[in-house]
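Participant: Pasting start-v8.csv below, which is CSV, N, CA and C atoms.
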```
chain,number,residue,atom,x,y,z
A,1,MET,N,17.9,-110.5,103.9
A,1,MET,CA,19.0,-109.6,104.2
A,1,MET,C,18.7,-108.2,104.0
A,2,ARG,N,17.9,-107.9,103.0
A,2,ARG,CA,17.6,-106.5,102.7
A,2,ARG,C,16.8,-105.8,103.8
A,3,LYS,N,15.9,-106.6,104.5
A,3,LYS,CA,15.2,-106.0,105.6
A,3,LYS,C,16.2,-105.7,106.7
A,4,LEU,N,17.2,-106.6,106.9
A,4,LEU,CA,18.2,-106.4,108.0
A,4,LEU,C,19.0,-105.1,107.7
A,5,TYR,N,19.3,-104.9,106.4
A,5,TYR,CA,20.0,-103.7,106.0
A,5,TYR,C,19.2,-102.5,106.3
A,6,ASP,N,17.9,-102.5,106.1
A,6,ASP,CA,17.1,-101.4,106.4
A,6,ASP,C,17.0,-101.0,107.9
A,7,ARG,N,17.1,-102.0,108.8
A,7,ARG,CA,16.8,-101.8,110.2
A,7,ARG,C,18.1,-101.8,111.1
A,8,ASN,N,19.2,-102.4,110.6
A,8,ASN,CA,20.3,-102.6,111.5
A,8,ASN,C,21.5,-101.7,111.1
A,9,GLU,N,21.9,-100.8,111.9
A,9,GLU,CA,22.9,-99.8,111.5
A,9,GLU,C,24.3,-100.5,111.3
A,10,ASP,N,24.6,-101.5,112.1
A,10,ASP,CA,25.9,-102.1,112.0
A,10,ASP,C,26.0,-102.8,110.6
A,11,PHE,N,25.0,-103.5,110.3
A,11,PHE,CA,24.9,-104.3,109.0
A,11,PHE,C,24.9,-103.3,107.8
A,12,LYS,N,24.2,-102.2,107.9
A,12,LYS,CA,24.1,-101.2,106.9
A,12,LYS,C,25.5,-100.6,106.6
A,13,ARG,N,26.2,-100.3,107.7
A,13,ARG,CA,27.5,-99.7,107.6
A,13,ARG,C,28.5,-100.7,106.8
A,14,TYR,N,28.4,-101.9,107.2
A,14,TYR,CA,29.2,-103.0,106.6
A,14,TYR,C,28.9,-103.1,105.1
A,15,VAL,N,27.6,-103.2,104.8
A,15,VAL,CA,27.2,-103.4,103.4
A,15,VAL,C,27.6,-102.2,102.6
A,16,ASP,N,27.4,-101.0,103.1
A,16,ASP,CA,27.8,-99.8,102.4
A,16,ASP,C,29.3,-99.7,102.1
A,17,ARG,N,30.1,-100.1,103.0
A,17,ARG,CA,31.6,-100.2,102.8
A,17,ARG,C,31.9,-101.3,101.7
A,18,TYR,N,31.2,-102.4,101.8
A,18,TYR,CA,31.4,-103.5,100.9
A,18,TYR,C,31.0,-103.1,99.5
A,19,CYS,N,29.9,-102.4,99.4
A,19,CYS,CA,29.5,-101.9,98.0
A,19,CYS,C,30.5,-100.9,97.5
A,20,PHE,N,31.0,-100.0,98.3
A,20,PHE,CA,31.9,-99.0,97.8
A,20,PHE,C,33.2,-99.7,97.3
A,21,LYS,N,33.7,-100.7,98.1
A,21,LYS,CA,34.9,-101.3,97.8
A,21,LYS,C,34.8,-102.2,96.6
A,22,HIS,N,33.7,-102.9,96.4
A,22,HIS,CA,33.5,-103.8,95.3
A,22,HIS,C,32.7,-103.3,94.1
A,23,GLY,N,32.2,-102.1,94.2
A,23,GLY,CA,31.5,-101.5,93.1
A,23,GLY,C,30.1,-102.2,92.9
A,24,LYS,N,29.5,-102.6,94.0
A,24,LYS,CA,28.2,-103.3,93.8
A,24,LYS,C,27.1,-102.5,94.4
A,25,THR,N,25.8,-102.9,94.0
A,25,THR,CA,24.7,-102.3,94.6
A,25,THR,C,24.3,-103.0,95.9
A,26,VAL,N,23.5,-102.5,96.7
A,26,VAL,CA,23.1,-103.2,97.9
A,26,VAL,C,22.4,-104.5,97.6
A,27,ASP,N,21.5,-104.5,96.6
A,27,ASP,CA,20.9,-105.7,96.2
A,27,ASP,C,21.8,-106.8,95.8
A,28,GLU,N,22.9,-106.4,95.1
A,28,GLU,CA,23.9,-107.4,94.7
A,28,GLU,C,24.7,-107.9,95.9
A,29,ALA,N,25.1,-107.0,96.7
A,29,ALA,CA,25.9,-107.3,97.9
A,29,ALA,C,25.3,-108.2,98.9
A,30,VAL,N,24.0,-108.0,99.1
A,30,VAL,CA,23.3,-108.9,100.1
A,30,VAL,C,23.1,-110.3,99.6
A,31,LYS,N,23.5,-110.6,98.4
A,31,LYS,CA,23.5,-112.0,97.9
A,31,LYS,C,24.9,-112.7,98.0
A,32,ASP,N,25.9,-111.9,98.3
A,32,ASP,CA,27.3,-112.5,98.5
A,32,ASP,C,27.4,-113.2,99.8
A,33,TYR,N,28.2,-114.3,99.7
A,33,TYR,CA,28.3,-115.2,100.9
A,33,TYR,C,28.9,-114.4,102.1
A,34,ILE,N,29.9,-113.6,102.0
A,34,ILE,CA,30.5,-113.0,103.1
A,34,ILE,C,29.5,-112.0,103.8
A,35,VAL,N,28.7,-111.3,103.0
A,35,VAL,CA,27.8,-110.4,103.5
A,35,VAL,C,26.7,-111.1,104.2
A,36,ILE,N,26.2,-112.2,103.7
A,36,ILE,CA,25.2,-113.1,104.3
A,36,ILE,C,25.7,-113.5,105.7
A,37,GLU,N,26.9,-114.0,105.7
A,37,GLU,CA,27.5,-114.5,107.0
A,37,GLU,C,27.5,-113.3,108.0
A,38,TYR,N,28.0,-112.2,107.6
A,38,TYR,CA,28.0,-111.0,108.5
A,38,TYR,C,26.6,-110.7,109.0
A,39,GLY,N,25.6,-110.8,108.1
A,39,GLY,CA,24.2,-110.5,108.4
A,39,GLY,C,23.7,-111.5,109.4
A,40,LYS,N,24.1,-112.7,109.3
A,40,LYS,CA,23.7,-113.7,110.4
A,40,LYS,C,24.2,-113.3,111.7
A,41,ALA,N,25.5,-112.9,111.8
A,41,ALA,CA,26.0,-112.5,113.1
A,41,ALA,C,25.3,-111.3,113.6
A,42,CYS,N,24.9,-110.3,112.8
A,42,CYS,CA,24.2,-109.2,113.2
A,42,CYS,C,22.8,-109.6,113.7
A,43,LYS,N,22.2,-110.5,113.1
A,43,LYS,CA,20.9,-111.0,113.5
A,43,LYS,C,21.0,-111.6,114.9
A,44,GLU,N,22.0,-112.4,115.1
A,44,GLU,CA,22.2,-113.1,116.4
A,44,GLU,C,22.4,-112.0,117.5
A,45,LYS,N,23.2,-111.0,117.2
A,45,LYS,CA,23.5,-110.0,118.2
A,45,LYS,C,22.2,-109.2,118.5
A,46,GLU,N,21.4,-108.9,117.5
A,46,GLU,CA,20.1,-108.3,117.6
A,46,GLU,C,19.2,-109.1,118.5
A,47,GLU,N,19.1,-110.4,118.3
A,47,GLU,CA,18.2,-111.2,119.1
A,47,GLU,C,18.7,-111.3,120.6
A,48,CYS,N,20.0,-111.3,120.8
A,48,CYS,CA,20.5,-111.3,122.1
A,48,CYS,C,20.2,-110.0,122.9
A,49,ARG,N,20.2,-108.9,122.2
A,49,ARG,CA,19.9,-107.6,122.8
A,49,ARG,C,18.4,-107.6,123.2
A,50,LYS,N,17.6,-108.2,122.3
A,50,LYS,CA,16.1,-108.2,122.6
A,50,LYS,C,15.9,-109.1,123.8
A,51,ASN,N,16.5,-110.2,123.9
A,51,ASN,CA,16.4,-111.1,125.0
A,51,ASN,C,16.8,-110.5,126.3
A,52,GLU,N,18.0,-109.8,126.3
A,52,GLU,CA,18.5,-109.1,127.5
A,52,GLU,C,17.6,-108.0,128.0
A,53,SER,N,17.0,-107.3,127.0
A,53,SER,CA,16.1,-106.2,127.4
A,53,SER,C,14.7,-106.7,127.9
A,54,ALA,N,14.4,-107.9,127.5
A,54,ALA,CA,13.1,-108.5,128.0
A,54,ALA,C,13.2,-109.1,129.4
A,55,GLU,N,14.4,-109.3,129.8
A,55,GLU,CA,14.6,-109.9,131.2
A,55,GLU,C,14.5,-108.9,132.3
```
Mind turning this structure into structure tokens?
Facilitator:
Amino acid sequence: MRKLYDRNEDFKRYVDRYCFKHGKTVDEAVKDYIVIEYGKACKEKEECRKNESAE
């Protein structure tokens, strides 16, 4: 999840807001279930964009 945070702007924005709201560091936040689930959705969206651009 940390690599996704570094490369995906949507996920980064979400994690930053989550950290601010819950007083956590990025490394703590990316271990939380809700953040992981959002990260999975971001990964899927990223993969779909790659597939669309490859066609």
Participant: State, in Å with one decimal place, the distance from atom C of Lys43 (chain A) to atom C of Lys31 (chain A).
Facilitator: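 Between atom C of Lys43 (chain A) and atom C of Lys31 (chain A) the gap works out to 17.4 Å.
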Participant: Centre and edge lengths of an axis-aligned box around all listed atoms of region 30-44 of chain A, with 4 Å added on each side, are to be given in Å to one decimal, as JSON.
Facilitator:
```
{"center_x": 25.7, "center_y": -111.6, "center_z": 107.7, "size_x": 17.6, "size_y": 15.2, "size_z": 27.6}
```
Participant: Give me, please, the distance in Å between CA of Arg13 (chain A) and atom C of Ala54 (chain A), quoted to one decimal.
Facilitator: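 Computing it gives 27.7 Å between the two atoms.
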Participant: Enter the distance from CA of Lys21 (chain A) to CA of Lys3 (chain A), in Å, rounded to one decimal.
Facilitator: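 Computing the Euclidean distance for CA of Lys21 (chain A) and CA of Lys3 (chain A) yields 21.7 Å.
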Participant: I need the residues of chain A that end up classed as helix (DSSP H, G or I) by DSSP on the backbone, written out as an NGL selection string.
Facilitator: :A and (2-7 or 9-22 or 26-29 or 33-54)
Participant: Find the residues near Tyr5 (chain A): any atom within 9 Å, counting only C-alpha atoms, skip ones fewer than 3 places away on the same chain, and give them as a PyMOL selection string.
Facilitator: chain A and resi 1-2+8-13+15+26+30+39
